[in-house]
Each structure stands twice: as C-alpha cells, then as structure tokens.
$ cat query25.txt   # compact mmCIF, C-alpha atoms (C1' of nucleotides) and all ligand atoms
# COMPACT_ATOMS: atom_id res chain seq x y z
CA MET A 76 148.31 -22.76 8.04
CA LYS A 77 151.18 -20.26 8.22
CA ILE A 78 154.60 -21.04 9.60
CA GLY A 79 153.97 -19.37 12.95
CA GLN A 80 150.94 -21.52 13.64
CA LEU A 81 152.87 -24.58 12.58
CA ALA A 82 155.65 -23.60 14.96
CA ASP A 83 153.12 -23.25 17.78
CA LYS A 84 151.54 -26.61 17.03
CA THR A 85 154.80 -28.52 16.73
CA GLY A 86 156.81 -26.72 19.38
CA LEU A 87 159.59 -26.22 16.83
CA SER A 88 160.97 -22.78 16.07
CA ILE A 89 160.17 -21.08 12.78
CA GLN A 90 163.84 -21.16 11.86
CA THR A 91 164.02 -24.88 12.53
CA ILE A 92 161.05 -25.52 10.23
CA ARG A 93 162.69 -23.54 7.45
CA PHE A 94 165.94 -25.38 8.20
CA TYR A 95 164.23 -28.76 7.76
CA GLU A 96 162.84 -27.53 4.46
CA ARG A 97 166.32 -26.61 3.27
CA LYS A 98 167.50 -30.05 4.36
CA ALA A 99 164.65 -31.59 2.36
CA LEU A 100 163.16 -33.34 5.39
CA LEU A 101 160.00 -31.36 4.80
CA ALA A 102 158.65 -30.69 1.31
CA ALA A 103 158.58 -27.02 0.29
CA PRO A 104 154.97 -25.94 0.90
CA GLN A 105 152.74 -23.86 -1.31
CA ARG A 106 153.03 -20.09 -1.08
CA THR A 107 150.38 -17.43 -0.66
CA GLN A 108 150.22 -14.43 -3.00
CA SER A 109 152.47 -12.58 -0.58
CA ASN A 110 154.97 -15.43 -0.68
CA TYR A 111 154.13 -16.75 2.78
CA ARG A 112 154.50 -20.51 3.32
CA SER A 113 151.11 -22.24 3.54
CA TYR A 114 151.10 -25.64 5.20
CA SER A 115 148.71 -28.60 5.14
CA ASP A 116 147.94 -30.93 8.02
CA GLU A 117 150.20 -33.45 6.32
CA ALA A 118 153.12 -31.11 6.90
CA LEU A 119 152.17 -30.92 10.56
CA LYS A 120 152.22 -34.71 10.86
CA GLN A 121 155.50 -34.93 9.03
CA LEU A 122 157.08 -32.35 11.29
CA LEU A 123 155.88 -34.09 14.44
CA PHE A 124 157.30 -37.33 13.10
CA ILE A 125 160.63 -35.62 12.48
CA LYS A 126 160.56 -34.05 15.92
CA GLN A 127 159.98 -37.44 17.48
CA CYS A 128 162.88 -38.92 15.55
CA ARG A 129 165.13 -36.08 16.63
CA SER A 130 164.14 -36.65 20.24
CA LEU A 131 165.42 -40.20 19.65
CA ASP A 132 168.65 -38.44 18.66
CA MET A 133 168.55 -39.72 15.11
CA THR A 134 170.58 -37.65 12.68
CA ILE A 135 168.93 -35.80 9.81
CA GLU A 136 170.45 -38.32 7.45
CA GLU A 137 168.97 -41.22 9.41
CA ILE A 138 165.59 -39.52 9.45
CA SER A 139 165.81 -38.95 5.70
CA LEU A 140 166.33 -42.65 5.16
CA VAL A 141 163.31 -43.56 7.26
CA LEU A 142 161.12 -40.92 5.63
CA GLU A 143 162.07 -42.10 2.19
CA THR A 144 161.26 -45.71 3.02
CA ARG A 145 158.03 -44.63 4.66
CA THR A 146 156.68 -43.30 1.37
CA ASN A 147 156.28 -46.86 0.07
CA PRO A 148 153.89 -48.82 2.37
CA GLU A 149 154.57 -52.06 0.52
CA SER A 150 158.33 -52.03 0.94
CA SER A 151 160.05 -54.21 3.50
CA CYS A 152 160.89 -52.99 6.98
CA GLU A 153 164.50 -54.08 6.53
CA ASN A 154 165.85 -50.61 5.77
CA VAL A 155 164.09 -48.98 8.69
CA ASN A 156 165.18 -51.77 11.00
CA ALA A 157 168.76 -51.51 9.80
CA THR A 158 168.72 -47.77 10.41
CA MET A 159 167.36 -48.29 13.91
CA ASP A 160 169.88 -51.03 14.65
CA LYS A 161 172.74 -48.87 13.52
CA HIS A 162 171.45 -45.98 15.57
CA ILE A 163 171.06 -48.12 18.68
CA ASP A 164 174.62 -49.20 18.12
CA ASP A 165 175.71 -45.55 17.80
CA ILE A 166 174.19 -44.84 21.19
CA LYS A 167 175.64 -47.95 22.79
CA HIS A 168 179.06 -46.96 21.53
CA ARG A 169 178.76 -43.45 22.94
CA ILE A 170 177.57 -44.75 26.28
CA SER A 171 180.54 -47.04 26.68
CA GLU A 172 182.94 -44.27 25.70
CA LEU A 173 181.39 -41.95 28.24
CA ASN A 174 181.44 -44.60 30.97
CA ALA A 175 185.15 -45.15 30.47
CA LEU A 176 185.68 -41.43 30.46
CA GLN A 177 183.73 -40.92 33.63
CA LYS A 178 185.80 -43.56 35.38
CA THR A 179 189.04 -41.86 34.35
CA LEU A 180 187.78 -38.44 35.38
CA LYS A 181 186.60 -39.62 38.77
CA SER A 182 189.85 -41.34 39.66
CA MET A 183 191.72 -38.27 38.47
CA ARG A 184 189.55 -35.96 40.50
CA ALA A 185 190.06 -38.11 43.61
CA ALA A 186 193.78 -37.24 43.46
CA CYS A 187 193.11 -33.67 44.57
CA ASN A 188 191.21 -31.54 47.07
CA ASP A 189 190.52 -27.85 47.57
CA ASP A 190 193.19 -27.44 50.25
CA LYS A 191 195.99 -28.05 47.75
CA LYS A 192 197.79 -25.58 45.56
CA ILE A 193 198.33 -25.81 41.81
CA LYS A 194 202.00 -26.76 42.12
CA GLU A 195 201.01 -29.85 44.09
CA CYS A 196 197.75 -30.48 42.25
CA GLY A 197 196.97 -34.16 41.94
CA VAL A 198 194.76 -33.66 38.90
CA LEU A 199 197.33 -31.68 36.94
CA HIS A 200 200.13 -34.04 37.97
CA ARG A 201 198.19 -36.96 36.60
CA ILE A 202 197.55 -35.20 33.30
CA ASP A 203 201.22 -34.27 33.07
CA SER A 204 202.37 -37.81 33.76
CA ILE A 205 200.18 -39.13 30.95
CA VAL A 206 201.58 -36.38 28.74
CA ASP A 207 205.14 -37.51 29.46
CA SER A 208 204.46 -40.80 27.69
CA HIS A 209 203.43 -39.50 24.29
CA CYS A 210 203.24 -40.95 20.74
CA PRO A 211 203.35 -39.53 17.14
CA ALA A 212 201.14 -39.91 14.00
CA LYS A 213 200.65 -38.97 10.30
CA ARG A 214 200.15 -35.61 8.59
CA ASN A 215 198.98 -33.79 5.44
CA ASP A 216 198.65 -30.09 4.68
CA MET B 78 210.76 -26.80 15.71
CA LYS B 79 208.45 -26.17 12.76
CA ILE B 80 204.75 -26.93 12.78
CA GLY B 81 205.08 -30.18 10.83
CA GLN B 82 207.48 -31.64 13.35
CA LEU B 83 205.23 -30.51 16.17
CA ALA B 84 202.30 -32.21 14.44
CA ASP B 85 204.32 -35.42 14.17
CA LYS B 86 205.35 -35.31 17.81
CA THR B 87 201.91 -34.55 19.17
CA GLY B 88 199.82 -36.58 16.75
CA LEU B 89 197.68 -33.51 16.11
CA SER B 90 197.12 -32.19 12.62
CA ILE B 91 198.77 -28.97 11.51
CA GLN B 92 195.36 -27.36 11.11
CA THR B 93 194.41 -28.34 14.62
CA ILE B 94 197.54 -26.73 16.03
CA ARG B 95 196.80 -23.51 14.18
CA PHE B 96 193.20 -23.79 15.35
CA TYR B 97 194.30 -23.99 18.99
CA GLU B 98 196.44 -20.94 18.42
CA ARG B 99 193.44 -19.03 17.10
CA LYS B 100 191.47 -20.16 20.13
CA ALA B 101 194.30 -18.89 22.35
CA LEU B 102 194.89 -22.29 23.92
CA LEU B 103 198.42 -22.15 22.58
CA ALA B 104 200.48 -18.95 22.60
CA ALA B 105 201.41 -17.64 19.16
CA PRO B 106 204.99 -18.83 18.62
CA GLN B 107 207.94 -16.92 17.25
CA ARG B 108 208.31 -16.74 13.50
CA THR B 109 211.30 -17.41 11.27
CA GLN B 110 212.41 -14.86 8.69
CA SER B 111 210.17 -16.60 6.19
CA ASN B 112 207.23 -16.30 8.57
CA TYR B 113 207.18 -19.97 9.55
CA ARG B 114 206.02 -20.77 13.08
CA SER B 115 208.94 -21.81 15.30
CA TYR B 116 208.04 -23.76 18.43
CA SER B 117 209.81 -24.43 21.70
CA ASP B 118 209.61 -27.62 23.77
CA GLU B 119 207.26 -25.72 26.06
CA ALA B 120 204.77 -25.51 23.22
CA LEU B 121 205.08 -29.27 22.73
CA LYS B 122 204.29 -29.88 26.39
CA GLN B 123 201.40 -27.46 26.30
CA LEU B 124 199.92 -29.14 23.24
CA LEU B 125 200.21 -32.59 24.76
CA PHE B 126 198.48 -31.29 27.85
CA ILE B 127 195.69 -29.90 25.71
CA LYS B 128 195.44 -33.13 23.76
CA GLN B 129 195.12 -35.05 27.00
CA CYS B 130 192.37 -32.73 28.21
CA ARG B 131 190.53 -33.11 24.91
CA SER B 132 190.75 -36.89 25.22
CA LEU B 133 188.97 -36.35 28.55
CA ASP B 134 186.34 -34.60 26.42
CA MET B 135 186.84 -31.27 28.12
CA THR B 136 185.64 -28.32 26.05
CA ILE B 137 188.07 -25.68 24.84
CA GLU B 138 186.57 -23.30 27.34
CA GLU B 139 187.12 -25.74 30.19
CA ILE B 140 190.70 -26.30 29.08
CA SER B 141 191.25 -22.55 28.93
CA LEU B 142 190.16 -22.23 32.53
CA VAL B 143 192.53 -24.95 33.67
CA LEU B 144 195.44 -23.56 31.66
CA GLU B 145 194.90 -20.12 33.06
CA THR B 146 194.86 -21.38 36.62
CA ARG B 147 197.91 -23.50 35.92
CA THR B 148 200.03 -20.45 35.23
CA ASN B 149 199.97 -19.57 38.92
CA PRO B 150 201.52 -22.44 40.95
CA GLU B 151 200.60 -20.79 44.25
CA SER B 152 196.90 -20.47 43.54
CA SER B 153 194.38 -22.82 45.07
CA CYS B 154 193.16 -25.94 43.34
CA GLU B 155 189.58 -24.88 43.86
CA ASN B 156 189.04 -23.59 40.33
CA VAL B 157 190.52 -26.65 38.67
CA ASN B 158 188.55 -28.93 40.94
CA ALA B 159 185.34 -27.04 40.26
CA THR B 160 185.96 -27.33 36.52
CA MET B 161 186.56 -31.05 36.85
CA ASP B 162 183.50 -31.51 39.02
CA LYS B 163 181.33 -29.67 36.56
CA HIS B 164 182.74 -31.68 33.71
CA ILE B 165 182.18 -34.98 35.50
CA ASP B 166 178.64 -33.83 36.04
CA ASP B 167 178.30 -32.99 32.33
CA ILE B 168 179.33 -36.53 31.47
CA LYS B 169 177.07 -38.09 34.07
CA HIS B 170 174.16 -36.12 32.68
CA ARG B 171 174.85 -37.22 29.12
CA ILE B 172 175.20 -40.85 30.18
CA SER B 173 171.83 -40.89 31.87
CA GLU B 174 170.20 -39.22 28.87
CA LEU B 175 171.71 -41.78 26.55
CA ASN B 176 170.70 -44.69 28.78
CA ALA B 177 167.08 -43.55 28.75
CA LEU B 178 167.28 -43.10 25.01
CA GLN B 179 168.75 -46.54 24.48
CA LYS B 180 165.95 -48.09 26.48
CA THR B 181 163.32 -46.33 24.37
CA LEU B 182 165.01 -47.27 21.13
CA LYS B 183 165.37 -50.92 22.07
CA SER B 184 161.76 -51.33 23.07
CA MET B 185 160.74 -49.56 19.90
CA ARG B 186 162.92 -51.75 17.76
CA ALA B 187 161.50 -54.87 19.40
CA ALA B 188 158.12 -53.97 17.92
CA CYS B 189 159.26 -54.88 14.41
CA ASN B 190 161.10 -57.50 12.36
CA ASP B 191 162.39 -57.80 8.82
CA ASP B 192 159.45 -59.89 7.63
CA LYS B 193 157.04 -56.99 8.02
CA LYS B 194 156.15 -54.29 5.55
CA ILE B 195 156.20 -50.53 6.13
CA LYS B 196 152.41 -50.26 6.35
CA GLU B 197 152.43 -52.64 9.32
CA CYS B 198 155.78 -51.49 10.74
CA GLY B 199 155.89 -51.64 14.53
CA VAL B 200 158.62 -49.03 14.78
CA LEU B 201 156.83 -46.48 12.62
CA HIS B 202 153.50 -47.18 14.31
CA ARG B 203 155.04 -46.43 17.67
CA ILE B 204 156.54 -43.18 16.45
CA ASP B 205 153.20 -42.20 14.92
CA SER B 206 151.30 -42.98 18.10
CA ILE B 207 153.61 -40.75 20.11
CA VAL B 208 153.14 -38.09 17.44
CA ASP B 209 149.36 -38.27 17.81
CA SER B 210 149.63 -36.98 21.37
CA HIS B 211 151.42 -33.73 20.70
CA CYS B 212 151.85 -30.43 22.56
CA PRO B 213 152.65 -26.81 21.56
CA ALA B 214 155.21 -24.19 22.77
CA LYS B 215 156.47 -20.59 22.42
CA ARG B 216 157.96 -18.75 19.46
CA ASN B 217 160.02 -15.73 18.33
CA ASP B 218 161.19 -14.64 14.88
C1' DC C 5 217.29 -24.78 -11.62
C1' DT C 6 213.58 -27.22 -11.13
C1' DT C 7 210.79 -30.42 -8.63
C1' DG C 8 208.67 -31.84 -4.49
C1' DA C 9 207.84 -31.18 0.30
C1' DC C 10 206.74 -27.89 3.38
C1' DT C 11 204.45 -23.62 5.17
C1' DC C 12 201.61 -19.46 4.99
C1' DT C 13 196.76 -17.03 5.02
C1' DA C 14 192.11 -17.08 3.96
C1' DT C 15 188.08 -19.24 3.16
C1' DA C 16 184.51 -22.81 3.16
C1' DC C 17 182.53 -26.92 5.12
C1' DC C 18 180.40 -30.50 8.66
C1' DA C 19 175.85 -31.12 12.33
C1' DA C 20 171.74 -29.11 13.93
C1' DG C 21 170.27 -25.57 14.59
C1' DT C 22 170.03 -20.23 16.58
C1' DA C 23 170.11 -15.28 15.87
C1' DT C 24 170.34 -11.43 13.72
C1' DA C 25 169.31 -7.47 9.75
C1' DG C 26 166.48 -5.39 6.61
C1' DA C 27 162.52 -5.57 3.88
C1' DG C 28 157.73 -6.59 2.87
C1' DT C 29 152.79 -8.05 4.62
C1' DT C 30 148.85 -8.51 7.40
C1' DT C 31 146.03 -7.47 11.39
C1' DA C 32 144.19 -4.68 15.10
C1' DC C 33 142.66 -0.63 16.76
C1' DA C 34 141.61 4.25 17.07
C1' DT D 220 141.89 5.69 6.83
C1' DG D 221 146.14 5.70 9.18
C1' DT D 222 149.48 3.56 11.63
C1' DA D 223 151.71 0.53 14.69
C1' DA D 224 152.34 -4.14 16.17
C1' DA D 225 152.86 -8.69 14.83
C1' DC D 226 154.05 -11.57 11.38
C1' DT D 227 156.80 -13.37 7.40
C1' DC D 228 160.38 -13.25 3.89
C1' DT D 229 165.52 -13.93 2.40
C1' DA D 230 170.17 -13.76 3.42
C1' DT D 231 173.78 -13.93 6.37
C1' DA D 232 176.62 -14.92 10.48
C1' DC D 233 177.37 -17.53 14.67
C1' DT D 234 177.95 -21.82 17.56
C1' DT D 235 181.86 -26.42 18.51
C1' DG D 236 186.00 -28.74 17.31
C1' DG D 237 187.89 -29.26 14.03
C1' DT D 238 188.79 -30.69 8.52
C1' DA D 239 189.69 -29.41 3.71
C1' DT D 240 190.58 -26.89 0.26
C1' DA D 241 192.98 -22.72 -2.90
C1' DG D 242 196.67 -20.00 -4.08
C1' DA D 243 200.98 -18.24 -2.84
C1' DG D 244 205.50 -18.30 -0.88
C1' DT D 245 209.80 -21.09 1.00
C1' DC D 246 213.23 -24.58 1.39
C1' DA D 247 216.11 -28.74 0.28
C1' DA D 248 217.73 -32.31 -2.94
C1' DG D 249 219.15 -33.69 -7.28
ZN ZN E 301 172.60 -42.76 14.83
ZN ZN E 302 194.45 -29.85 42.42
ZN ZN E 303 182.35 -30.45 30.43
ZN ZN E 304 159.04 -52.19 10.66
$ encode --input "query25.txt" --output "structure tokens"
Amino acid sequence: MKIGQLADKTGLSIQTIRFYERKALLAAPQRTQSNYRSYSDEALKQLLFIKQCRSLDMTIEEISLVLETRTNPESSCENVNATMDKHIDDIKHRISELNALQKTLKSMRAACNDDKKIKECGVLHRIDSIVDSHCPAKRND
Amino acid sequence: MKIGQLADKTGLSIQTIRFYERKALLAAPQRTQSNYRSYSDEALKQLLFIKQCRSLDMTIEEISLVLETRTNPESSCENVNATMDKHIDDIKHRISELNALQKTLKSMRAACNDDKKIKECGVLHRIDSIVDSHCPAKRND
DNA sequence: CTTGACTCTATACCAAGTATAGAGTTTACA
DNA sequence: TGTAAACTCTATACTTGGTATAGAGTCAAG
C-alpha cells in the first residue's frame, strides 16, 4: 500500500503520516525500487490507533508512551493507566482555567454596549483598572 | 527606561517584549546612542494592557484589533465588543469540546485497573474497537 | 582596566502539523 | 510510443506565543 492509499484509508494527510514517521510514532516502512513508501496493514492499524489517541487530545509524547507499553502484552497496565490519569488531569486543569476565564470575560463584556464610545468603554476601563495594580518578576537574558 | 527595567516592572521577559515589538503590538521605542531601547511610561502602560489581554487568553491578532480601535477615543465600541464576543465564543467552544473529551476519557479509563495486563487492557481494547470502525477522507500533496 | 551585568541582532527550538518547491515515477490514454 | 496527469520523494518554510541560545557590543563598579 502506498502513502496515498494509506492517507485515504486513515483520513490523515500524507504530510501527517510522514510527520508521524519522523516523530517515530510510526515505524519507517519498506521502500519500493523507486523509493516509494510501501505500507502493511499493520501500519494502517497503528495509524488508526494514533489517530484515535490524537482525537482524545493526547500529545505525541503521551501516545509514544502508550505505544511503547503496548508492544509488550505481558506488561502491567500501570503505565498506560498513569498516562491516562495524567492526561485526564491535564484536561480537567484546562477546563477549570477556561471556566474561570469565561466568567471574567463575561462580566467584563457586560460592562459595555455598542452605543458607547471607546473613551467611555466599560471593557477597556476594566482592563486599565486591573493594569493600574501591577506587579514585577525575575529576568535573564 | 531600558528593557531590563521594563521587564522587571511588567513581569514579562525581555525576549517577550522584543517579540511584541516584532509583532507590532508595541511601537518600536527610541534608541540610545549605543542602540539600547529606551522606553517611556506609555510603553509600560501599553505592555501591561497587553499582558492583561493575554491573561484573558486573547490572541495577538485579537489584541491588535483592540489596540487599534483604542487609539481613537471617539470611535464606537462595536469593534471591541465584537472582538470580545467572538473571543468569549472561542472559549465556550473549547470548554464544550474539552467537557466531551473528559467524559470519553473517564469512561475509557474506568474500563481498566492496575491489576490487569496490556493484553487484557480495557483502555487499549476500547481504543482498538473504535479503530476497527474507521472511515476515509480526501487528500492533496 | 578588567570583570560582571546588561543589551544588541540573529538564529534555532517547542507542538502538531500544513504548505509549498522542485525533482523523479507511475499510470492512463490517444 | 509519447505525453500529460497523478502520484511520490526530500527539503524547506510557515503557523502561535513565546523561550533559549550564540556572539558581539556597552556600561558601571572596583
Ligand atoms: Zn495530556
Ligand atoms: Zn466598550
Ligand atoms: Zn479568541
Ligand atoms: Zn489497561
């Protein structure tokens, strides 16, 4: 199977498949005489697995960990479970950040309406007033 | 004020300040004889404003829009409000995506425990079973 | 007068791809 | 058989919002 067919079957782009190969998520396949990549059905399965993991928003590094563990059927599930747990925690963290953010943005937005002008803008005033109470930090160049 | 002092006062790194200058969020400041950047208090205010917007997770493009509008005090708030509305919508969208994802991940994770082995792993089995029902797409190289 | 702290530009790197250019290969069709 | 379209190859640049160097120049204290 050539890369175009694999792309069709997986719904991934050709570039993405080559990208995963560079990232070592997918083993480099055999080549034809004309140097075209030639894939097995195993590669198709692997790619679909990777695609599924990506749709779960796992990072390439997280997927690597799972794939590596997966090669040994006798090993314990602990590593995979730990990776999943950490990832679920990643998501939870991002959700709570975004919820807080949304709250702030909504209350800020409520301070203005389209009839106002910039000089009396409730949104900008609120940003400015937060700005007026600022704080410093460290540096390195 | 030199860039190091500005970095201290804003809590941004020196590289970040130069980065914002390249992105035209911050006007290029005057230079000393030795070509050092020399900032006014206006630049400090501007940077703090930008920092505040970034903490609201606005993109650089969104911030640009707001900053541009802000230069004209007589203009209507409509543009700023539209930017905020779109951004709030961005966030809302991402939250609902992440909530759905979290739900999937949790139910997946519940299918396994640390006493199992990879060959009988509930998590991997569930990924595989989704993989088995796959679908193709388009391509371009 | 030298050391250390600071600044300058330019460049490379991160994630997770996407999008070219320019060259070679295979397939279809007349 | 010729040739044009479709495919594939590598290499490189771009995206976002920065971070991290290298190598050179500048400034202040001792
Ligand atoms: Zn994660
Ligand atoms: Zn307003
Ligand atoms: Zn936005
Ligand atoms: Zn398991």
$ residues_near_ligand --input "query25.txt" --ligand "ligand ZN 301 (chain E)" --cutoff "6 Å" --atoms "all atoms listed in the file" --output "list in words"
Met133, Thr134, His162 and Asp165 of chain A
$ residues_around --input "query25.txt" --residues "stretch 227-229 of chain D" --least-positions-apart "4" --cutoff "9 Å" --atoms "only C-alpha atoms (C1' of nucleotides)" --output "list in words"
Lys77, Ile78, Gly79, Asn110, Tyr111 and Arg112 of chain A; Asp218 of chain B; DA27, DG28 and DT29 of chain C
$ write_last_selection --input "query25.txt" --atoms "C-alpha atoms (C1' of nucleotides)" --output "PDB file, in the coordinates of the input"
ATOM      1  CA  LYS A  77     151.180 -20.260   8.220  1.00  0.00           C
ATOM      2  CA  ILE A  78     154.600 -21.040   9.600  1.00  0.00           C
ATOM      3  CA  GLY A  79     153.970 -19.370  12.950  1.00  0.00           C
ATOM      4  CA  ASN A 110     154.970 -15.430  -0.680  1.00  0.00           C
ATOM      5  CA  TYR A 111     154.130 -16.750   2.780  1.00  0.00           C
ATOM      6  CA  ARG A 112     154.500 -20.510   3.320  1.00  0.00           C
TER       7      ARG A 112
ATOM      8  CA  ASP B 218     161.190 -14.640  14.880  1.00  0.00           C
TER       9      ASP B 218
ATOM     10  C1'  DA C  27     162.520  -5.570   3.880  1.00  0.00           C
ATOM     11  C1'  DG C  28     157.730  -6.590   2.870  1.00  0.00           C
ATOM     12  C1'  DT C  29     152.790  -8.050   4.620  1.00  0.00           C
TER      13       DT C  29
END
$ closest_atom_pairs --input "query25.txt" --of "chain B" --to "ligand ZN 304 (chain E)" --cutoff "6 Å" --atoms "all atoms listed in the file" --output "tab-separated table"
residue	atom	partner	partner_atom	distance
B:Cys189	CA	E:ZN304	ZN	4.6
B:Asn190	CA	E:ZN304	ZN	5.9
B:Lys193	CA	E:ZN304	ZN	5.8
B:Ile195	CA	E:ZN304	ZN	5.6
B:Cys198	CA	E:ZN304	ZN	3.3
B:Gly199	CA	E:ZN304	ZN	5.0
B:Val200	CA	E:ZN304	ZN	5.2
$ residues_around --input "query25.txt" --residues "C:DA20" --least-positions-apart "6" --cutoff "9 Å" --atoms "all atoms listed in the file" --output "list in words"
Thr91, Phe94, Thr134 and Ile135 of chain A
$ residues_near_ligand --input "query25.txt" --ligand "ligand ZN 303 (chain E)" --cutoff "10 Å" --atoms "all atoms listed in the file" --output "list in words"
Leu133, Asp134, Met135, Thr136, Ile137, Glu138, Glu139, Ile140, Thr160, Met161, Asp162, Lys163, His164, Ile165, Asp166, Asp167, Ile168 and Lys169 of chain B
$ residues_near_ligand --input "query25.txt" --ligand "ligand ZN 302 (chain E)" --cutoff "10 Å" --atoms "all atoms listed in the file" --output "JSON, numbers by chain"
{"A": [183, 184, 185, 186, 187, 188, 189, 190, 191, 192, 193, 194, 195, 196, 197, 198, 199, 200, 201], "B": [147, 152, 153, 154, 155, 156, 157, 158, 159, 161]}
